[in-house]
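Please read the structure below before turning to the comments.
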4 protein chains.
Amino acid sequence: MAGEQILKFLDTFENQIRTLKENLNFEEIERLIEAIQKANSIFVLGAGRSGFIAKAFAMRLMHCGYNVYVVGETVTPRIGKDDLLIAISGSGETTSVVNISRKAKEAIGSKLVAITSHNNSSLARISDVVVQIKGKIKTARDEELSKIAPLGTMFELTVMVFLDALIAELMSVRNLTEQDLEGRHAVLE
Amino acid sequence: MAGEQILKFLDTFENQIRTLKENLNFEEIERLIEAIQKANSIFVLGAGRSGFIAKAFAMRLMHCGYNVYVVGETVTPRIGKDDLLIAISGSGETTSVVNISRKAKEAIGSKLVAITSHNNSSLARISDVVVQIKGKIKTARDEELSKIAPLGTMFELTVMVFLDALIAELMSVRNLTEQDLEGRHAVLE
Amino acid sequence: MAGEQILKFLDTFENQIRTLKENLNFEEIERLIEAIQKANSIFVLGAGRSGFIAKAFAMRLMHCGYNVYVVGETVTPRIGKDDLLIAISGSGETTSVVNISRKAKEAIGSKLVAITSHNNSSLARISDVVVQIKGKIKTARDEELSKIAPLGTMFELTVMVFLDALIAELMSVRNLTEQDLEGRHAVLE
Amino acid sequence: MAGEQILKFLDTFENQIRTLKENLNFEEIERLIEAIQKANSIFVLGAGRSGFIAKAFAMRLMHCGYNVYVVGETVTPRIGKDDLLIAISGSGETTSVVNISRKAKEAIGSKLVAITSHNNSSLARISDVVVQIKGKIKTARDEELSKIAPLGTMFELTVMVFLDALIAELMSVRNLTEQDLEGRHAVLE
């Protein structure tokens with residue numbers, strides 16, 4: 001039947017959201033929010049699909065009134081030591097993401113937040129705040145999972161959901177309404 | 001407490017996934033898969049955050065071996081009448097998305113799939129296949145929802161999840177393994 | 001001999017630069033500079049190769065310290081009536097460019113500058129300032145030219161050169177040194 | 001007078017084009033054309049403004065019927081050993097460009113073309129073909145030049161002109177007319 005894999009995927013993903021919820025680290029989240037609130041400007045970074053998610057998050061941060069830039073986009077200026085870099089990498093080993101993050105952290109002195117599945121990765125080890133988002137959970141059912149959620153799928157979707165949940169929290173912190181966001185939303189598109 | 005809105009958001013989103021699952025239209029999905037399988041090339045289109053989701057989907061279609069292009073990117077060629085355009089717009093009224101879709105449909109004769117919340121929208125009305133994805137569910141609790149999931153958030157996240165579920169289905173249709181996808185995944189990044 | 005067409009192209013292009021120089025409209029340039037200097041934020045817009053040139057210009061404007069955004073990029077906010085839109089289109093008829101420019105001009109009340117070959121085009125007619133940059137010069141030698149400079153090539157290259165020349169002028173107006181620009185140049189790349 | 005720096009810039013640039021023409025290395029060009037003609041797929045790479053120029057070139061290569069991809073764009077697949085990477089960097093030391101080029105050359109075995117001002121740079125040293133394009137010419141008048149053509153301006157513009165001249169040559173090699181290119185030009189924009 002057309003749709004069987006879709007249903008399997010949605011069951012798995014519902015489970016994934018429940019797991020995310022049960023494993024939220026509120027202390028970590030508090031440090032993440034603090035880093036965002038204190039930053040002069042926020043820069044986001046990711047490769048491939050993690051890059052698209054970084055951009056979707058950056059767009060909402062802009063709607064919320066933050067100064068925000070995407071590494072590699074046209075109008076992105078020099079990062080400074082009072083700025084925050086948020087880097088997204090499931091493995092925490094994506095070459096360009098690690099190299100750029102290291103430069104921001106070590107050469108510039110910017111604050112660095114990693115969003116990754118691996119607390120032990122090259123990216124996580126140099127970060128000030130690590131937000132761990134589990135992707136594929138390593139179990140006997142792994143092989144089954146790889147058929148419906150290949151490569152970084154689970155990590156990417158879960159990060160996208162988490163970051164939109166974080167926007168909800170930031171709206172509350174900054175006392176923003178949907179109308180405030182609407183007022184900054186691009187109309188030329 | 002830091003995190004309260006995050007929890008509220010995740011509860012709401014878990015509910016949203018359940019609703020998506022219960023309302024899947026398998027006939028519609030079958031027509032969607034048929035359109036994808038029959039297309040010479042697939043073009044995807046979306047503005048703002050829907051555009052990032054269109055790109056995330058296009059990347060996976062490429063990993064699956066489809067000829068796929070993003071409207072507006074560098075190497076995107078002229079669309080033809082044997083090609084498929086997949087357009088994503090929550091409202092189904094985003095000016096550029098509707099105009100471009102109309103051109104593809106009416107001037108070129110391409111096949112058109114709309115992914116939208118509104119079956120009655122300008123985009124839906126000119127499409128060959130309409131995949132309806134509900135965003136905000138209009139109820140008394142709307143005001144509450146706008147505080148945690150502003151603007152198109154619910155639509156965008158749900159479409160992203162749905163399209164990754166669709167990839168699971170397409171992998172099964174084409175008998176692809178994760179290794180097949182890995183073999184096409186960019187290594188220069 | 002490999003390179004014969006390259007030489008022909010370069011001869012033609014050298015001629016094109018000379019023609020550009022001889023036909024500069026200094027009054028028009030003054031109005032362009034005034035529009036840039038007075039704008040709250042500057043938005044740039046172009047499709048295809050004109051879009052890349054718009055981005056290259058936007059990057060230098062950012063280096064010069066202007067608030068600048070590319071229509072369609074992630075962090076681009078809502079345009080306002082005190083903002084300037086600079087739209088690049090050789091024909092002045094590119095659908096999306098004309099539609100978006102019309103919206104900025106008529107619905108928002110932003111200032112609009114057109115960079116186009118055609119003073120009489122849809123884009124030029126709604127613009128506050130029109131910078132005319134000749135592309136292909138219609139003569140008996142047209143057929144020859146289309147073999148070495150197809151489609152918008154001459155327009156695009158000439159606009160890119162003109163806009164970098166304009167940066168020289170803006171640096172002088174704002175009394176900027178190369179070091180000032182270097183200080184804003186992205187380091188994460 | 002408004003426009004004085006514009007005139008100075010155009011004089012300098014006309015001179016630059018003449019210098020480019022006089023210093024063309026036809027043997028180098030022959031090897032470049034051969035690499036392009038023999039490649040299975042062509043990948044282009046550049047950071048910042050060099051990246052936009054790489055994209056403008058890639059778009060024309062697509063119009064000419066080549067399989068071409070931009071490193072970092074959505075539909076770009078895994079590069080292979082029969083593919084060609086064309087990397088643009090004025091200094092030849094841009095970190096990401098050098099790292100990615102090294103990976104393509106050393107880990108994958110792809111063919112590598114460098115377009116750079118520096119024959120001795122990290123990028124040039126690992127490349128199969130080096131196309132040297134002089135940017136700023138180091139003389140006593142350097143300080144003057146930095147006021148009108150800051151940073152990589154001269155290199156970037158000259159590369160853009162050179163690559164469009166190369167398109168003229170490739171059209172001749174492949175016996176293409178403007179109509180052939182028009183037939184592949186995107187219509188959805």
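The way I read the labels, and the way they are meant: chains A, B, ... in the order of the structure tokens, residue 1 as the first residue of every chain, and ligand 1 as the first ligand shown, with later ones counted on from there.
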Least-squares superposed chain D, target chain A, every Cα, as a PDB file with C-alpha atoms, in the first residue's frame:
```pdb
ATOM      1  CA  MET D   1      -0.015   0.009   0.014  1.00  0.00           C
ATOM      2  CA  ALA D   2       1.259   3.459  -0.815  1.00  0.00           C
ATOM      3  CA  GLY D   3       1.910   5.183   2.458  1.00  0.00           C
ATOM      4  CA  GLU D   4       3.086   2.342   4.661  1.00  0.00           C
ATOM      5  CA  GLN D   5       6.595   3.780   5.036  1.00  0.00           C
ATOM      6  CA  ILE D   6       5.082   7.193   5.670  1.00  0.00           C
ATOM      7  CA  LEU D   7       3.126   5.820   8.608  1.00  0.00           C
ATOM      8  CA  LYS D   8       6.168   3.990   9.963  1.00  0.00           C
ATOM      9  CA  PHE D   9       8.181   7.174   9.674  1.00  0.00           C
ATOM     10  CA  LEU D  10       5.573   9.252  11.471  1.00  0.00           C
ATOM     11  CA  ASP D  11       5.321   6.700  14.293  1.00  0.00           C
ATOM     12  CA  THR D  12       9.080   6.790  14.689  1.00  0.00           C
ATOM     13  CA  PHE D  13       9.146  10.556  14.598  1.00  0.00           C
ATOM     14  CA  GLU D  14       6.376  10.913  17.172  1.00  0.00           C
ATOM     15  CA  ASN D  15       8.493   8.724  19.393  1.00  0.00           C
ATOM     16  CA  GLN D  16      11.510  10.888  18.674  1.00  0.00           C
ATOM     17  CA  ILE D  17       9.661  14.030  19.794  1.00  0.00           C
ATOM     18  CA  ARG D  18       8.621  12.284  22.992  1.00  0.00           C
ATOM     19  CA  THR D  19      12.243  11.299  23.620  1.00  0.00           C
ATOM     20  CA  LEU D  20      13.375  14.867  22.951  1.00  0.00           C
ATOM     21  CA  LYS D  21      10.847  16.141  25.478  1.00  0.00           C
ATOM     22  CA  GLU D  22      11.829  13.659  28.153  1.00  0.00           C
ATOM     23  CA  ASN D  23      15.516  14.403  27.759  1.00  0.00           C
ATOM     24  CA  LEU D  24      15.423  18.199  27.715  1.00  0.00           C
ATOM     25  CA  ASN D  25      18.288  19.600  29.751  1.00  0.00           C
ATOM     26  CA  PHE D  26      16.861  22.772  31.232  1.00  0.00           C
ATOM     27  CA  GLU D  27      20.175  24.002  32.581  1.00  0.00           C
ATOM     28  CA  GLU D  28      21.697  23.714  29.122  1.00  0.00           C
ATOM     29  CA  ILE D  29      18.708  25.545  27.661  1.00  0.00           C
ATOM     30  CA  GLU D  30      19.115  28.329  30.188  1.00  0.00           C
ATOM     31  CA  ARG D  31      22.735  28.786  29.154  1.00  0.00           C
ATOM     32  CA  LEU D  32      21.713  28.759  25.489  1.00  0.00           C
ATOM     33  CA  ILE D  33      19.100  31.464  26.042  1.00  0.00           C
ATOM     34  CA  GLU D  34      21.560  33.525  28.026  1.00  0.00           C
ATOM     35  CA  ALA D  35      24.134  33.305  25.232  1.00  0.00           C
ATOM     36  CA  ILE D  36      21.540  34.409  22.677  1.00  0.00           C
ATOM     37  CA  GLN D  37      20.262  37.261  24.835  1.00  0.00           C
ATOM     38  CA  LYS D  38      23.740  38.578  25.616  1.00  0.00           C
ATOM     39  CA  ALA D  39      25.155  38.424  22.086  1.00  0.00           C
ATOM     40  CA  ASN D  40      25.809  41.580  20.139  1.00  0.00           C
ATOM     41  CA  SER D  41      25.115  39.742  16.896  1.00  0.00           C
ATOM     42  CA  ILE D  42      24.274  36.087  16.298  1.00  0.00           C
ATOM     43  CA  PHE D  43      25.845  34.105  13.467  1.00  0.00           C
ATOM     44  CA  VAL D  44      24.497  30.702  12.406  1.00  0.00           C
ATOM     45  CA  LEU D  45      26.358  27.981  10.558  1.00  0.00           C
ATOM     46  CA  GLY D  46      25.596  24.575   9.096  1.00  0.00           C
ATOM     47  CA  ALA D  47      26.369  22.466   6.016  1.00  0.00           C
ATOM     48  CA  GLY D  48      23.864  20.710   3.776  1.00  0.00           C
ATOM     49  CA  ARG D  49      20.430  20.178   5.313  1.00  0.00           C
ATOM     50  CA  SER D  50      21.680  21.408   8.678  1.00  0.00           C
ATOM     51  CA  GLY D  51      22.493  24.629   6.850  1.00  0.00           C
ATOM     52  CA  PHE D  52      18.887  25.046   5.702  1.00  0.00           C
ATOM     53  CA  ILE D  53      17.729  24.511   9.285  1.00  0.00           C
ATOM     54  CA  ALA D  54      20.236  27.082  10.488  1.00  0.00           C
ATOM     55  CA  LYS D  55      18.753  29.523   7.968  1.00  0.00           C
ATOM     56  CA  ALA D  56      15.161  28.789   8.995  1.00  0.00           C
ATOM     57  CA  PHE D  57      16.180  29.510  12.609  1.00  0.00           C
ATOM     58  CA  ALA D  58      18.069  32.676  11.631  1.00  0.00           C
ATOM     59  CA  MET D  59      15.007  33.975   9.802  1.00  0.00           C
ATOM     60  CA  ARG D  60      12.877  33.590  12.933  1.00  0.00           C
ATOM     61  CA  LEU D  61      15.579  35.207  15.104  1.00  0.00           C
ATOM     62  CA  MET D  62      15.458  38.176  12.705  1.00  0.00           C
ATOM     63  CA  HIS D  63      11.656  38.254  13.045  1.00  0.00           C
ATOM     64  CA  CYS D  64      12.202  38.384  16.818  1.00  0.00           C
ATOM     65  CA  GLY D  65      14.408  41.454  16.432  1.00  0.00           C
ATOM     66  CA  TYR D  66      17.876  39.931  16.923  1.00  0.00           C
ATOM     67  CA  ASN D  67      20.864  41.008  14.813  1.00  0.00           C
ATOM     68  CA  VAL D  68      21.497  37.771  13.004  1.00  0.00           C
ATOM     69  CA  TYR D  69      23.629  36.596  10.083  1.00  0.00           C
ATOM     70  CA  VAL D  70      24.182  33.377   8.174  1.00  0.00           C
ATOM     71  CA  VAL D  71      27.844  32.463   7.656  1.00  0.00           C
ATOM     72  CA  GLY D  72      28.446  32.595   3.902  1.00  0.00           C
ATOM     73  CA  GLU D  73      25.556  34.879   2.955  1.00  0.00           C
ATOM     74  CA  THR D  74      26.054  38.187   1.182  1.00  0.00           C
ATOM     75  CA  VAL D  75      25.623  40.782   3.914  1.00  0.00           C
ATOM     76  CA  THR D  76      27.336  38.857   6.719  1.00  0.00           C
ATOM     77  CA  PRO D  77      30.006  41.084   8.312  1.00  0.00           C
ATOM     78  CA  ARG D  78      33.132  40.231  10.286  1.00  0.00           C
ATOM     79  CA  ILE D  79      32.292  38.378  13.499  1.00  0.00           C
ATOM     80  CA  GLY D  80      33.537  39.924  16.727  1.00  0.00           C
ATOM     81  CA  LYS D  81      34.358  38.759  20.215  1.00  0.00           C
ATOM     82  CA  ASP D  82      30.998  39.912  21.602  1.00  0.00           C
ATOM     83  CA  ASP D  83      29.143  37.912  18.981  1.00  0.00           C
ATOM     84  CA  LEU D  84      27.741  34.401  19.199  1.00  0.00           C
ATOM     85  CA  LEU D  85      28.221  31.631  16.659  1.00  0.00           C
ATOM     86  CA  ILE D  86      25.634  28.830  16.682  1.00  0.00           C
ATOM     87  CA  ALA D  87      26.963  25.841  14.737  1.00  0.00           C
ATOM     88  CA  ILE D  88      24.802  22.862  13.763  1.00  0.00           C
ATOM     89  CA  SER D  89      26.383  19.504  12.934  1.00  0.00           C
ATOM     90  CA  GLY D  90      24.969  16.077  13.750  1.00  0.00           C
ATOM     91  CA  SER D  91      28.323  14.336  13.835  1.00  0.00           C
ATOM     92  CA  GLY D  92      30.092  17.410  15.184  1.00  0.00           C
ATOM     93  CA  GLU D  93      32.840  16.586  12.683  1.00  0.00           C
ATOM     94  CA  THR D  94      31.734  18.333   9.441  1.00  0.00           C
ATOM     95  CA  THR D  95      35.066  19.749   8.273  1.00  0.00           C
ATOM     96  CA  SER D  96      34.021  23.257   7.277  1.00  0.00           C
ATOM     97  CA  VAL D  97      31.770  23.683  10.309  1.00  0.00           C
ATOM     98  CA  VAL D  98      34.503  22.614  12.716  1.00  0.00           C
ATOM     99  CA  ASN D  99      37.165  24.762  11.011  1.00  0.00           C
ATOM    100  CA  ILE D 100      35.018  27.887  10.921  1.00  0.00           C
ATOM    101  CA  SER D 101      33.852  27.375  14.512  1.00  0.00           C
ATOM    102  CA  ARG D 102      37.434  26.946  15.668  1.00  0.00           C
ATOM    103  CA  LYS D 103      38.426  30.165  13.940  1.00  0.00           C
ATOM    104  CA  ALA D 104      35.553  32.077  15.566  1.00  0.00           C
ATOM    105  CA  LYS D 105      36.345  30.621  18.981  1.00  0.00           C
ATOM    106  CA  GLU D 106      40.125  30.694  18.972  1.00  0.00           C
ATOM    107  CA  ALA D 107      41.167  33.490  16.624  1.00  0.00           C
ATOM    108  CA  ILE D 108      38.298  35.915  17.294  1.00  0.00           C
ATOM    109  CA  GLY D 109      37.161  34.948  20.779  1.00  0.00           C
ATOM    110  CA  SER D 110      33.469  34.750  19.899  1.00  0.00           C
ATOM    111  CA  LYS D 111      31.114  32.686  22.032  1.00  0.00           C
ATOM    112  CA  LEU D 112      30.316  29.302  20.474  1.00  0.00           C
ATOM    113  CA  VAL D 113      27.205  27.135  20.808  1.00  0.00           C
ATOM    114  CA  ALA D 114      27.210  23.648  19.275  1.00  0.00           C
ATOM    115  CA  ILE D 115      24.024  21.850  18.345  1.00  0.00           C
ATOM    116  CA  THR D 116      25.100  18.260  17.789  1.00  0.00           C
ATOM    117  CA  SER D 117      24.348  14.623  18.591  1.00  0.00           C
ATOM    118  CA  HIS D 118      27.827  14.047  19.942  1.00  0.00           C
ATOM    119  CA  ASN D 119      28.981  15.576  23.204  1.00  0.00           C
ATOM    120  CA  ASN D 120      32.418  14.291  22.494  1.00  0.00           C
ATOM    121  CA  SER D 121      32.875  15.592  18.962  1.00  0.00           C
ATOM    122  CA  SER D 122      35.499  18.062  17.752  1.00  0.00           C
ATOM    123  CA  LEU D 123      32.812  20.718  17.572  1.00  0.00           C
ATOM    124  CA  ALA D 124      31.396  20.029  21.038  1.00  0.00           C
ATOM    125  CA  ARG D 125      34.826  20.047  22.670  1.00  0.00           C
ATOM    126  CA  ILE D 126      35.565  23.645  21.629  1.00  0.00           C
ATOM    127  CA  SER D 127      32.078  25.008  22.390  1.00  0.00           C
ATOM    128  CA  ASP D 128      30.964  27.122  25.338  1.00  0.00           C
ATOM    129  CA  VAL D 129      27.508  25.587  25.319  1.00  0.00           C
ATOM    130  CA  VAL D 130      26.611  22.219  23.841  1.00  0.00           C
ATOM    131  CA  VAL D 131      23.001  21.408  23.047  1.00  0.00           C
ATOM    132  CA  GLN D 132      22.836  17.678  22.512  1.00  0.00           C
ATOM    133  CA  ILE D 133      20.099  16.509  20.149  1.00  0.00           C
ATOM    134  CA  LYS D 134      19.981  12.778  19.619  1.00  0.00           C
ATOM    135  CA  GLY D 135      19.471  11.639  16.034  1.00  0.00           C
ATOM    136  CA  LYS D 136      19.383   7.931  15.376  1.00  0.00           C
ATOM    137  CA  ILE D 137      19.221   6.031  18.611  1.00  0.00           C
ATOM    138  CA  LYS D 138      21.638   3.147  18.395  1.00  0.00           C
ATOM    139  CA  THR D 139      19.726  -0.048  19.044  1.00  0.00           C
ATOM    140  CA  ALA D 140      19.008  -3.350  17.414  1.00  0.00           C
ATOM    141  CA  ARG D 141      16.388  -1.610  15.290  1.00  0.00           C
ATOM    142  CA  ASP D 142      18.982   0.603  13.604  1.00  0.00           C
ATOM    143  CA  GLU D 143      18.876  -1.196  10.310  1.00  0.00           C
ATOM    144  CA  GLU D 144      15.129  -0.719  10.154  1.00  0.00           C
ATOM    145  CA  LEU D 145      15.552   2.976  10.930  1.00  0.00           C
ATOM    146  CA  SER D 146      18.108   3.539   8.176  1.00  0.00           C
ATOM    147  CA  LYS D 147      15.514   2.466   5.627  1.00  0.00           C
ATOM    148  CA  ILE D 148      13.047   5.172   6.609  1.00  0.00           C
ATOM    149  CA  ALA D 149      15.255   7.909   8.084  1.00  0.00           C
ATOM    150  CA  PRO D 150      18.522   7.818   6.150  1.00  0.00           C
ATOM    151  CA  LEU D 151      21.640   9.810   6.995  1.00  0.00           C
ATOM    152  CA  GLY D 152      21.021  12.853   9.210  1.00  0.00           C
ATOM    153  CA  THR D 153      17.227  12.912   8.805  1.00  0.00           C
ATOM    154  CA  MET D 154      16.314  12.322  12.462  1.00  0.00           C
ATOM    155  CA  PHE D 155      18.876  14.828  13.730  1.00  0.00           C
ATOM    156  CA  GLU D 156      17.902  17.520  11.241  1.00  0.00           C
ATOM    157  CA  LEU D 157      14.155  17.269  11.848  1.00  0.00           C
ATOM    158  CA  THR D 158      14.574  17.142  15.596  1.00  0.00           C
ATOM    159  CA  VAL D 159      16.842  20.203  15.596  1.00  0.00           C
ATOM    160  CA  MET D 160      14.342  22.107  13.454  1.00  0.00           C
ATOM    161  CA  VAL D 161      11.551  21.279  15.922  1.00  0.00           C
ATOM    162  CA  PHE D 162      13.753  22.114  18.904  1.00  0.00           C
ATOM    163  CA  LEU D 163      14.788  25.479  17.464  1.00  0.00           C
ATOM    164  CA  ASP D 164      11.185  26.428  16.730  1.00  0.00           C
ATOM    165  CA  ALA D 165      10.357  25.453  20.310  1.00  0.00           C
ATOM    166  CA  LEU D 166      13.226  27.677  21.408  1.00  0.00           C
ATOM    167  CA  ILE D 167      11.678  30.552  19.437  1.00  0.00           C
ATOM    168  CA  ALA D 168       8.514  30.077  21.543  1.00  0.00           C
ATOM    169  CA  GLU D 169      10.672  30.429  24.651  1.00  0.00           C
ATOM    170  CA  LEU D 170      12.497  33.486  23.308  1.00  0.00           C
ATOM    171  CA  MET D 171       9.187  35.153  22.397  1.00  0.00           C
ATOM    172  CA  SER D 172       8.151  34.719  26.004  1.00  0.00           C
ATOM    173  CA  VAL D 173      11.499  36.000  27.333  1.00  0.00           C
ATOM    174  CA  ARG D 174      11.269  39.092  25.122  1.00  0.00           C
ATOM    175  CA  ASN D 175       7.507  39.423  25.529  1.00  0.00           C
ATOM    176  CA  LEU D 176       6.845  39.332  21.798  1.00  0.00           C
ATOM    177  CA  THR D 177       3.564  38.708  20.025  1.00  0.00           C
ATOM    178  CA  GLU D 178       3.001  37.177  16.603  1.00  0.00           C
ATOM    179  CA  GLN D 179       2.244  40.710  15.392  1.00  0.00           C
ATOM    180  CA  ASP D 180       5.740  41.825  16.402  1.00  0.00           C
ATOM    181  CA  LEU D 181       7.222  39.066  14.251  1.00  0.00           C
ATOM    182  CA  GLU D 182       4.842  39.792  11.384  1.00  0.00           C
ATOM    183  CA  GLY D 183       6.033  43.397  11.438  1.00  0.00           C
ATOM    184  CA  ARG D 184       9.576  42.310  10.567  1.00  0.00           C
ATOM    185  CA  HIS D 185       8.624  39.565   8.081  1.00  0.00           C
ATOM    186  CA  ALA D 186       9.815  40.243   4.525  1.00  0.00           C
ATOM    187  CA  VAL D 187       7.088  41.366   2.142  1.00  0.00           C
ATOM    188  CA  LEU D 188       9.197  41.296  -1.017  1.00  0.00           C
ATOM    189  CA  GLU D 189       9.218  37.638  -2.009  1.00  0.00           C
TER     190      GLU D 189
END
```
